[in-house]
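Text of the file work08.cif, holding mmCIF, C-alpha atoms and all ligand atoms:
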data_data
#
loop_
_atom_site.label_atom_id
_atom_site.label_comp_id
_atom_site.auth_asym_id
_atom_site.auth_seq_id
_atom_site.Cartn_x
_atom_site.Cartn_y
_atom_site.Cartn_z
CA MET A 1386 0.00 0.00 0.00
CA ALA A 1387 1.39 3.44 -0.94
CA ILE A 1388 -0.10 6.20 1.17
CA LYS A 1389 0.57 9.87 0.39
CA LYS A 1390 -0.34 12.73 2.67
CA LEU A 1391 -1.93 15.54 0.64
CA SER A 1392 -3.36 18.88 1.68
CA ILE A 1393 -7.09 19.19 1.04
CA ALA A 1394 -6.39 21.59 -1.87
CA GLU A 1395 -4.34 18.96 -3.72
CA VAL A 1396 -7.07 16.33 -3.74
CA LYS A 1397 -8.70 15.47 -7.09
CA ILE A 1398 -11.58 13.39 -8.39
CA GLY A 1399 -10.54 9.78 -8.92
CA MET A 1400 -8.24 9.60 -5.90
CA TYR A 1401 -8.81 6.90 -3.31
CA VAL A 1402 -9.03 8.33 0.18
CA HIS A 1403 -7.45 5.96 2.67
CA SER A 1404 -8.22 8.16 5.70
CA LEU A 1405 -8.68 11.75 6.85
CA ASP A 1406 -7.11 13.66 9.71
CA ILE A 1407 -10.51 13.92 11.40
CA SER A 1408 -12.62 11.13 12.88
CA TRP A 1409 -15.46 9.26 11.17
CA PHE A 1410 -17.96 11.18 13.38
CA GLN A 1411 -16.76 14.51 11.99
CA HIS A 1412 -17.05 13.84 8.25
CA PRO A 1413 -20.13 13.12 6.10
CA PHE A 1414 -18.87 10.01 4.28
CA LEU A 1415 -20.16 6.51 5.02
CA ARG A 1416 -16.69 5.06 5.38
CA ASN A 1417 -13.26 6.38 6.22
CA SER A 1418 -11.89 4.93 2.96
CA PHE A 1419 -13.61 5.78 -0.34
CA ILE A 1420 -13.04 6.92 -3.90
CA ILE A 1421 -13.77 10.56 -4.75
CA SER A 1422 -16.11 9.84 -7.62
CA SER A 1423 -17.81 13.17 -8.33
CA GLU A 1424 -17.54 16.94 -7.98
CA GLU A 1425 -20.09 16.63 -5.20
CA ASP A 1426 -17.80 14.26 -3.25
CA LEU A 1427 -14.91 16.64 -3.79
CA ALA A 1428 -16.92 19.65 -2.56
CA LYS A 1429 -18.10 17.68 0.52
CA LEU A 1430 -14.53 16.71 1.26
CA GLN A 1431 -13.25 20.27 0.93
CA LYS A 1432 -15.90 21.53 3.35
CA CYS A 1433 -15.74 18.75 5.96
CA GLY A 1434 -13.05 20.38 8.08
CA ALA A 1435 -10.18 18.04 7.27
CA THR A 1436 -6.80 19.66 6.61
CA TYR A 1437 -5.00 16.60 5.24
CA VAL A 1438 -6.10 13.57 3.30
CA TYR A 1439 -4.19 10.28 3.17
CA VAL A 1440 -4.50 8.97 -0.37
CA ASP A 1441 -3.83 5.37 -1.44
CA THR A 1442 -2.04 5.90 -4.76
CA GLU A 1443 -2.32 2.23 -5.67
CA ARG A 1444 -6.10 2.06 -5.53
CA GLY A 1445 -7.22 5.22 -7.26
CA LEU A 1446 -5.83 7.82 -9.57
CA TYR A 1447 -3.07 9.86 -8.18
CA ASN A 1448 -1.89 12.30 -10.75
CA PHE A 1449 -3.75 11.83 -14.01
CA GLU A 1450 -5.37 14.91 -15.47
CA THR A 1451 -9.05 15.04 -16.34
CA ILE A 1452 -9.66 14.28 -20.02
CA ASN A 1453 -12.32 16.14 -21.94
CA GLN A 1454 -14.71 13.92 -23.90
CA ASP A 1455 -13.88 15.93 -27.07
CA TYR A 1456 -10.26 14.85 -26.81
CA GLY A 1457 -11.22 11.17 -27.00
CA ARG A 1458 -13.71 11.85 -29.79
CA ASP A 1459 -11.05 13.65 -31.88
CA LEU A 1460 -8.67 10.77 -31.31
CA VAL A 1461 -11.25 8.24 -32.50
CA SER A 1462 -12.08 10.20 -35.66
CA LYS A 1463 -8.48 11.19 -36.51
CA TRP A 1464 -7.22 7.60 -36.33
CA ARG A 1465 -10.51 5.93 -37.27
CA LEU A 1466 -10.33 3.86 -34.11
CA LYS A 1467 -12.88 1.12 -33.87
CA GLY A 1468 -14.13 -1.05 -31.04
CA ILE A 1469 -14.09 -4.82 -31.23
CA ASP A 1470 -16.76 -6.28 -33.50
CA GLU A 1471 -19.46 -8.47 -32.02
CA GLY A 1472 -18.07 -11.65 -33.62
CA GLU A 1473 -14.70 -11.10 -31.94
CA CYS A 1474 -16.38 -10.23 -28.64
CA ALA A 1475 -18.24 -13.54 -28.73
CA LYS A 1476 -14.91 -15.39 -28.76
CA LEU A 1477 -13.84 -13.56 -25.61
CA GLN A 1478 -16.77 -14.42 -23.38
CA ASP A 1479 -16.11 -13.97 -19.66
CA ILE A 1480 -17.02 -16.69 -17.16
CA VAL A 1481 -16.87 -14.40 -14.11
CA PRO A 1482 -17.90 -10.69 -13.84
CA ARG A 1483 -14.98 -8.25 -13.64
CA GLN A 1484 -15.72 -6.98 -10.12
CA GLU A 1485 -15.77 -10.54 -8.79
CA GLU A 1486 -12.60 -11.61 -10.63
CA LEU A 1487 -10.88 -8.43 -9.45
CA LYS A 1488 -10.70 -9.86 -5.90
CA THR A 1489 -8.67 -12.84 -7.16
CA SER A 1490 -6.61 -10.90 -9.69
CA ARG A 1491 -5.68 -8.30 -7.05
CA LYS A 1492 -4.29 -11.11 -4.83
CA ILE A 1493 -2.34 -12.53 -7.78
CA TYR A 1494 -1.02 -9.04 -8.59
CA TYR A 1495 0.38 -8.42 -5.10
CA GLN A 1496 1.71 -11.96 -4.79
CA THR A 1497 3.53 -11.45 -8.10
CA ARG A 1498 4.88 -8.14 -6.79
CA LYS A 1499 6.57 -10.01 -3.90
CA ILE A 1500 7.93 -12.78 -6.12
CA LEU A 1501 9.28 -10.21 -8.56
CA GLU A 1502 11.08 -8.35 -5.78
CA ASP A 1503 12.65 -11.61 -4.63
CA ALA A 1504 13.71 -12.41 -8.24
CA TYR A 1505 15.36 -8.97 -8.58
CA HIS A 1506 17.21 -9.33 -5.27
CA ARG A 1507 18.45 -12.78 -6.22
CA ALA A 1508 19.54 -11.64 -9.68
CA ALA A 1509 21.34 -8.65 -8.17
CA ARG A 1510 23.34 -10.98 -5.91
CA GLY A 1511 24.02 -13.45 -8.73
CA LYS A 1512 21.81 -16.09 -7.05
CA PRO A 1513 19.45 -18.37 -8.99
CA ILE A 1514 15.89 -17.11 -9.44
CA ASN A 1515 13.03 -19.23 -8.12
CA TRP A 1516 11.65 -19.96 -11.60
CA ASN A 1517 8.82 -22.19 -10.37
CA GLU A 1518 7.33 -19.26 -8.49
CA ILE A 1519 7.54 -17.04 -11.58
CA PHE A 1520 5.77 -19.64 -13.75
CA LYS A 1521 3.17 -20.28 -11.04
CA VAL A 1522 2.11 -16.62 -10.83
CA ALA A 1523 2.15 -16.20 -14.63
CA ASP A 1524 -0.08 -19.28 -14.88
CA ALA A 1525 -2.46 -17.86 -12.23
CA ALA A 1526 -2.64 -14.53 -14.10
CA VAL A 1527 -3.43 -16.31 -17.38
CA GLU A 1528 -6.19 -18.37 -15.72
CA SER A 1529 -7.59 -15.08 -14.43
CA VAL A 1530 -7.74 -13.40 -17.89
CA PHE A 1531 -9.54 -16.47 -19.22
CA ARG A 1532 -12.16 -16.06 -16.46
CA ASN A 1533 -12.42 -12.33 -17.14
CA LYS A 1534 -10.45 -10.59 -19.90
CA ASP A 1535 -10.44 -7.14 -18.26
CA ALA A 1536 -9.77 -7.83 -14.57
CA PHE A 1537 -6.01 -7.32 -14.95
CA LEU A 1538 -6.38 -4.17 -17.02
CA SER A 1539 -7.30 -1.88 -14.14
CA LEU A 1540 -4.52 -3.40 -12.03
CA GLY A 1541 -2.13 -2.67 -14.88
CA MET A 1542 -2.73 1.03 -14.21
CA ILE A 1543 -1.47 0.96 -10.60
CA LYS A 1544 1.40 3.39 -10.10
CA ASN A 1545 3.97 3.46 -7.36
CA TYR A 1546 6.73 5.99 -7.75
CA ASP A 1547 8.89 4.52 -4.97
CA ALA A 1548 8.91 0.98 -6.33
CA TYR A 1549 8.69 1.91 -10.01
CA THR A 1550 10.72 -1.02 -11.39
CA PHE A 1551 8.52 -3.70 -9.82
CA TYR A 1552 5.21 -2.00 -10.61
CA HIS A 1553 6.37 -1.18 -14.13
CA SER A 1554 7.26 -4.83 -14.81
CA LEU A 1555 3.99 -5.99 -13.26
CA ASN A 1556 1.97 -3.53 -15.30
CA VAL A 1557 3.73 -4.39 -18.55
CA SER A 1558 2.96 -8.03 -17.80
CA CYS A 1559 -0.75 -7.33 -17.02
CA LEU A 1560 -1.09 -5.29 -20.23
CA CYS A 1561 0.72 -7.89 -22.38
CA ILE A 1562 -1.33 -10.82 -21.06
CA THR A 1563 -4.55 -8.91 -21.66
CA VAL A 1564 -3.59 -7.89 -25.21
CA GLY A 1565 -2.53 -11.49 -25.85
CA ARG A 1566 -5.94 -12.68 -24.65
CA TYR A 1567 -7.64 -10.25 -27.07
CA LEU A 1568 -5.39 -11.61 -29.82
CA LEU A 1569 -6.76 -15.07 -28.92
CA PHE A 1570 -3.36 -16.50 -27.91
CA ASP A 1571 -3.54 -19.90 -26.22
CA LYS A 1572 -2.64 -20.42 -22.56
CA GLU A 1573 0.93 -21.59 -23.23
CA ASP A 1574 1.65 -18.50 -25.32
CA LEU A 1575 0.13 -16.22 -22.71
CA ILE A 1576 2.26 -17.74 -19.93
CA ALA A 1577 5.41 -17.29 -22.05
CA LEU A 1578 4.36 -13.69 -22.81
CA GLY A 1579 3.68 -13.02 -19.11
CA VAL A 1580 7.00 -14.52 -17.92
CA GLY A 1581 9.03 -12.53 -20.47
CA ALA A 1582 7.16 -9.32 -19.67
CA LEU A 1583 7.59 -9.77 -15.90
CA LEU A 1584 11.36 -10.09 -16.27
CA HIS A 1585 12.00 -7.93 -19.35
CA ASP A 1586 13.98 -5.33 -17.37
CA ILE A 1587 15.66 -7.66 -14.85
CA GLY A 1588 19.03 -6.91 -16.52
CA LYS A 1589 18.80 -3.45 -14.95
CA VAL A 1590 20.06 -4.98 -11.70
CA ARG A 1591 23.50 -4.85 -13.34
CA ILE A 1592 23.25 -1.13 -14.18
CA PRO A 1593 24.39 1.28 -11.44
CA ALA A 1594 21.39 2.68 -9.53
CA LYS A 1595 22.72 6.24 -9.88
CA ILE A 1596 22.30 5.95 -13.66
CA ILE A 1597 18.87 4.25 -13.49
CA ASN A 1598 17.52 6.86 -11.07
CA LYS A 1599 19.27 9.91 -12.50
CA PRO A 1600 16.77 12.78 -12.55
CA GLY A 1601 18.33 14.75 -15.40
CA ARG A 1602 19.21 13.93 -18.99
CA LEU A 1603 21.62 11.00 -19.42
CA THR A 1604 25.03 11.56 -21.00
CA GLU A 1605 25.84 9.55 -24.11
CA GLU A 1606 28.06 7.27 -22.05
CA GLU A 1607 25.36 6.68 -19.42
CA PHE A 1608 22.82 5.92 -22.13
CA SER A 1609 25.17 3.38 -23.73
CA ILE A 1610 25.40 1.66 -20.31
CA ILE A 1611 21.57 1.62 -19.94
CA LYS A 1612 21.27 0.16 -23.44
CA LYS A 1613 23.01 -2.99 -22.23
CA HIS A 1614 20.10 -4.03 -19.97
CA PRO A 1615 18.22 -6.11 -22.63
CA GLU A 1616 21.37 -8.15 -23.16
CA TYR A 1617 21.73 -8.70 -19.40
CA SER A 1618 18.02 -9.64 -19.15
CA GLN A 1619 18.56 -12.17 -21.95
CA GLU A 1620 21.52 -13.68 -20.11
CA ILE A 1621 19.59 -14.00 -16.84
CA LEU A 1622 16.50 -15.50 -18.50
CA SER A 1623 18.62 -17.98 -20.49
CA ARG A 1624 19.58 -19.63 -17.20
CA CYS A 1625 16.03 -20.91 -16.74
CA PRO A 1626 16.10 -24.52 -18.03
CA HIS A 1627 12.49 -24.66 -19.29
CA ILE A 1628 11.87 -21.08 -20.47
CA ARG A 1629 10.59 -20.55 -24.01
CA TRP A 1630 12.73 -18.70 -26.54
CA ASP A 1631 9.89 -16.25 -27.08
CA SER A 1632 10.17 -15.04 -23.45
CA ILE A 1633 13.92 -14.55 -23.86
CA HIS A 1634 13.45 -12.73 -27.18
CA LEU A 1635 10.87 -10.47 -25.54
CA ALA A 1636 13.38 -9.41 -22.91
CA TYR A 1637 16.19 -8.99 -25.46
CA GLN A 1638 14.16 -7.10 -28.07
CA HIS A 1639 11.69 -4.94 -26.11
CA HIS A 1640 13.59 -1.76 -27.09
CA GLU A 1641 13.69 -2.61 -30.80
CA ARG A 1642 11.56 -0.27 -32.91
CA PHE A 1643 9.48 -1.19 -35.95
CA ASP A 1644 11.48 1.11 -38.28
CA GLY A 1645 14.80 -0.37 -37.15
CA SER A 1646 15.79 2.58 -34.94
CA GLY A 1647 15.79 0.62 -31.67
CA TYR A 1648 18.43 -1.35 -29.81
CA PRO A 1649 20.34 -3.63 -29.20
CA LEU A 1650 20.26 -5.03 -32.77
CA GLY A 1651 18.31 -2.43 -34.77
CA LEU A 1652 15.92 -5.14 -36.00
CA LYS A 1653 13.16 -3.99 -38.34
CA GLY A 1654 9.45 -4.87 -38.78
CA PHE A 1655 8.44 -8.47 -38.25
CA ARG A 1656 12.05 -9.55 -37.79
CA ILE A 1657 11.33 -8.40 -34.24
CA ASN A 1658 9.80 -11.14 -32.13
CA GLN A 1659 6.00 -10.95 -31.93
CA PHE A 1660 6.02 -10.94 -28.10
CA ALA A 1661 8.64 -8.17 -28.09
CA LEU A 1662 6.43 -6.07 -30.42
CA ILE A 1663 3.58 -6.32 -27.91
CA ALA A 1664 5.86 -5.67 -24.92
CA ALA A 1665 7.36 -2.56 -26.60
CA ILE A 1666 3.88 -0.98 -26.70
CA ALA A 1667 3.02 -1.88 -23.10
CA ASP A 1668 6.48 -0.76 -21.93
CA VAL A 1669 6.24 2.70 -23.54
CA PHE A 1670 2.62 3.18 -22.46
CA ASP A 1671 3.34 2.35 -18.82
CA ALA A 1672 6.45 4.56 -18.78
CA MET A 1673 4.53 7.50 -20.30
CA THR A 1674 1.68 7.19 -17.79
CA SER A 1675 4.03 6.99 -14.76
CA ASP A 1676 5.78 9.77 -12.87
CA ARG A 1677 9.50 9.61 -13.55
CA PRO A 1678 12.35 11.57 -11.92
CA TYR A 1679 12.61 13.73 -15.08
CA ARG A 1680 8.90 14.29 -15.92
CA SER A 1681 5.34 13.84 -14.65
CA ALA A 1682 2.89 11.21 -15.81
CA MET A 1683 0.69 11.73 -18.87
CA SER A 1684 -2.94 10.71 -18.82
CA PRO A 1685 -3.63 7.46 -20.73
CA ALA A 1686 -5.51 9.24 -23.54
CA VAL A 1687 -2.62 11.70 -24.09
CA ALA A 1688 -0.10 8.83 -24.05
CA MET A 1689 -2.20 6.95 -26.62
CA ALA A 1690 -2.35 10.04 -28.85
CA ARG A 1691 1.46 10.37 -28.70
CA MET A 1692 1.93 6.68 -29.41
CA LEU A 1693 -0.41 6.87 -32.40
CA GLU A 1694 1.68 9.77 -33.76
CA GLN A 1695 4.83 7.66 -33.36
CA GLY A 1696 2.84 4.58 -34.40
CA GLU A 1697 4.18 3.45 -37.72
CA ARG A 1698 7.77 4.35 -36.89
CA ASP A 1699 8.07 2.79 -33.48
CA PHE A 1700 5.44 0.10 -33.17
CA CYS A 1701 3.62 -2.59 -35.05
CA PHE A 1702 0.56 -0.46 -35.85
CA SER A 1703 -1.99 -3.30 -35.86
CA TYR A 1704 -0.84 -4.35 -32.36
CA LEU A 1705 -1.04 -0.73 -31.23
CA LEU A 1706 -4.66 -0.54 -32.45
CA LYS A 1707 -5.43 -3.79 -30.65
CA PHE A 1708 -3.82 -2.40 -27.49
CA ILE A 1709 -6.08 0.68 -27.67
CA GLN A 1710 -9.10 -1.52 -28.34
CA CYS A 1711 -8.37 -3.46 -25.13
CA LEU A 1712 -7.77 -0.45 -22.91
CA GLY A 1713 -10.31 1.85 -24.53
CA ILE A 1714 -9.58 5.53 -25.18
CA TYR A 1715 -10.46 6.10 -21.56
CA PRO A 1716 -9.11 3.16 -19.52
CA ILE A 1717 -10.95 2.15 -16.34
CA GLY A 1718 -10.33 4.80 -13.69
CA THR A 1719 -9.89 7.70 -16.15
CA VAL A 1720 -11.56 10.94 -15.09
CA VAL A 1721 -13.59 12.33 -18.00
CA GLU A 1722 -15.23 15.71 -18.38
CA LEU A 1723 -18.50 14.95 -20.15
CA ASP A 1724 -20.32 17.14 -22.70
CA SER A 1725 -22.68 18.12 -19.87
CA ARG A 1726 -19.56 19.58 -18.09
CA GLN A 1727 -20.08 16.92 -15.41
CA ILE A 1728 -17.03 14.96 -14.29
CA GLY A 1729 -17.18 11.16 -14.17
CA ILE A 1730 -14.93 8.14 -13.66
CA VAL A 1731 -14.78 5.33 -16.18
CA THR A 1732 -15.87 2.14 -14.44
CA GLU A 1733 -16.09 -0.24 -17.45
CA ILE A 1734 -14.81 -0.20 -21.03
CA ASN A 1735 -17.37 -0.38 -23.77
CA HIS A 1736 -15.43 -2.59 -26.19
CA LEU A 1737 -18.03 -2.19 -28.92
CA ASN A 1738 -17.88 1.62 -28.86
CA LEU A 1739 -14.63 3.22 -27.64
CA GLU A 1740 -16.18 6.69 -27.42
CA ARG A 1741 -18.80 5.59 -24.92
CA PRO A 1742 -17.24 4.02 -21.83
CA ILE A 1743 -19.41 3.20 -18.83
CA ILE A 1744 -19.13 6.16 -16.49
CA LEU A 1745 -19.95 6.79 -12.86
CA ALA A 1746 -20.97 10.45 -12.86
FE FE B 1 13.75 -1.85 -20.76
#
As structure tokens, please, write out the structure in this file.
Amino acid sequence: MAIKKLSIAEVKIGMYVHSLDISWFQHPFLRNSFIISSEEDLAKLQKCGATYVYVDTERGLYNFETINQDYGRDLVSKWRLKGIDEGECAKLQDIVPRQEELKTSRKIYYQTRKILEDAYHRAARGKPINWNEIFKVADAAVESVFRNKDAFLSLGMIKNYDAYTFYHSLNVSCLCITVGRYLLFDKEDLIALGVGALLHDIGKVRIPAKIINKPGRLTEEEFSIIKKHPEYSQEILSRCPHIRWDSIHLAYQHHERFDGSGYPLGLKGFRINQFALIAAIADVFDAMTSDRPYRSAMSPAVAMARMLEQGERDFCFSYLLKFIQCLGIYPIGTVVELDSRQIGIVTEINHLNLERPIILA
């Protein structure tokens, strides 16, 4: 749990209030913990007499800006974005409703977080990784997306500035597995995709922390050191006796770009591994929507717009469109300003019509 203390003036719609600095008897909310889901909630909060609010940054939005509905509409028309057709949707039937599956997927998410931390610590000390644990959690995550295709999506938006590496790897993995599910990959492929995505950056344990966490612009020399991490990830993953080559390729090639401008090999187009093409999109999207030492997070819709602009150069465009179809223009949890000027939070994606998510206003 990542709790931040904010002054009442800093609080925004979409944030998850963990507690207030006044007692339950003094404020008008039913519970001490709740999501600020409307302007009315925000106004009540600002008038209730609390000076500080403790916000759980992992459960609600922390720093995303409100997106105007026009912005999403322009994006849809400019890029002719389409939802999933009904035939495709029929192949992706859920067995369990998202809210119900979310309880299980949240447990898997945090269990994976622990296992990932252990894997990083072991790799940093040159000790063997507990591969069985990694495969077990990837398998559990895949079972979850087969029960409900979207349960992991909202978890894939969790941000934690202090433990960025772990949450970034987890999120990339959640996003990759979900996109893979929408691409109708089988379970074995999804597990291989999830394992590779979880450990794609593990080679960073061999890069000095002062370079990884440097707030300013990297020098050419520092950047050439950072660029070695896919190679180190490949080396570490190759030690697993039963890992699939696809997972290793994902880790080695996740910084390759579709036009050949990436690294380490400068591979072009479909010479880049299919899993690495998917991971590149999830990797860039999660990095853009996270606070970094050198810049603040972008909202998902703005990140998608930027990625579409870079689309044909950097990414496999058809995978990028599929990625946007899965997440929607307004991913779950996005704060949208509606045409009525009301503010609402997206609670479900409408896969058939990207412009019309299900909103709690
Ligand atoms: Fe990376």
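Going from atom CA of A:Tyr1495 over to atom CA of A:Lys1534, you cover 18.5 Å.
In this structure, atom CA of A:Ala1690 sits 15.0 Å away from atom CA of A:Thr1719.
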Hey, which of A:Glu1641, A:Asp1699, A:Glu1518, A:Asp1441 ends up closest to ligand FE 1 (chain B)? Count all atoms listed in the file.
A:Glu1641
Within-10 Å residues of ligand FE 1 (chain B), basis only C-alpha atoms and all ligand atoms, as a ChimeraX atom specification
/A:1550,1553-1554,1584-1589,1611-1615,1618,1636-1640,1664-1665,1668-1669,1672
Just to be explicit: take each residue in the selection above, keep C-alpha atoms, and write the result as a PDB file, in the coordinates of the input.
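result04.pdb was written with the following content:
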ATOM      1  CA  THR A1550      10.720  -1.020 -11.390  1.00  0.00           C
ATOM      2  CA  HIS A1553       6.370  -1.180 -14.130  1.00  0.00           C
ATOM      3  CA  SER A1554       7.260  -4.830 -14.810  1.00  0.00           C
ATOM      4  CA  LEU A1584      11.360 -10.090 -16.270  1.00  0.00           C
ATOM      5  CA  HIS A1585      12.000  -7.930 -19.350  1.00  0.00           C
ATOM      6  CA  ASP A1586      13.980  -5.330 -17.370  1.00  0.00           C
ATOM      7  CA  ILE A1587      15.660  -7.660 -14.850  1.00  0.00           C
ATOM      8  CA  GLY A1588      19.030  -6.910 -16.520  1.00  0.00           C
ATOM      9  CA  LYS A1589      18.800  -3.450 -14.950  1.00  0.00           C
ATOM     10  CA  ILE A1611      21.570   1.620 -19.940  1.00  0.00           C
ATOM     11  CA  LYS A1612      21.270   0.160 -23.440  1.00  0.00           C
ATOM     12  CA  LYS A1613      23.010  -2.990 -22.230  1.00  0.00           C
ATOM     13  CA  HIS A1614      20.100  -4.030 -19.970  1.00  0.00           C
ATOM     14  CA  PRO A1615      18.220  -6.110 -22.630  1.00  0.00           C
ATOM     15  CA  SER A1618      18.020  -9.640 -19.150  1.00  0.00           C
ATOM     16  CA  ALA A1636      13.380  -9.410 -22.910  1.00  0.00           C
ATOM     17  CA  TYR A1637      16.190  -8.990 -25.460  1.00  0.00           C
ATOM     18  CA  GLN A1638      14.160  -7.100 -28.070  1.00  0.00           C
ATOM     19  CA  HIS A1639      11.690  -4.940 -26.110  1.00  0.00           C
ATOM     20  CA  HIS A1640      13.590  -1.760 -27.090  1.00  0.00           C
ATOM     21  CA  ALA A1664       5.860  -5.670 -24.920  1.00  0.00           C
ATOM     22  CA  ALA A1665       7.360  -2.560 -26.600  1.00  0.00           C
ATOM     23  CA  ASP A1668       6.480  -0.760 -21.930  1.00  0.00           C
ATOM     24  CA  VAL A1669       6.240   2.700 -23.540  1.00  0.00           C
ATOM     25  CA  ALA A1672       6.450   4.560 -18.780  1.00  0.00           C
TER      26      ALA A1672
END
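Excluding stretch 1469-1480 of chain A itself and same-chain residues fewer than 4 positions from it, the residues having an atom within 6 Å of it are Arg1532, Asn1533, His1736 and Leu1737 of chain A, counting all atoms listed in the file.
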Of the residues A:Val1557, A:Ile1393, A:Leu1652, A:Ile1728, which is the one nearest to A:Lys1432, using only C-alpha atoms?
A:Ile1393
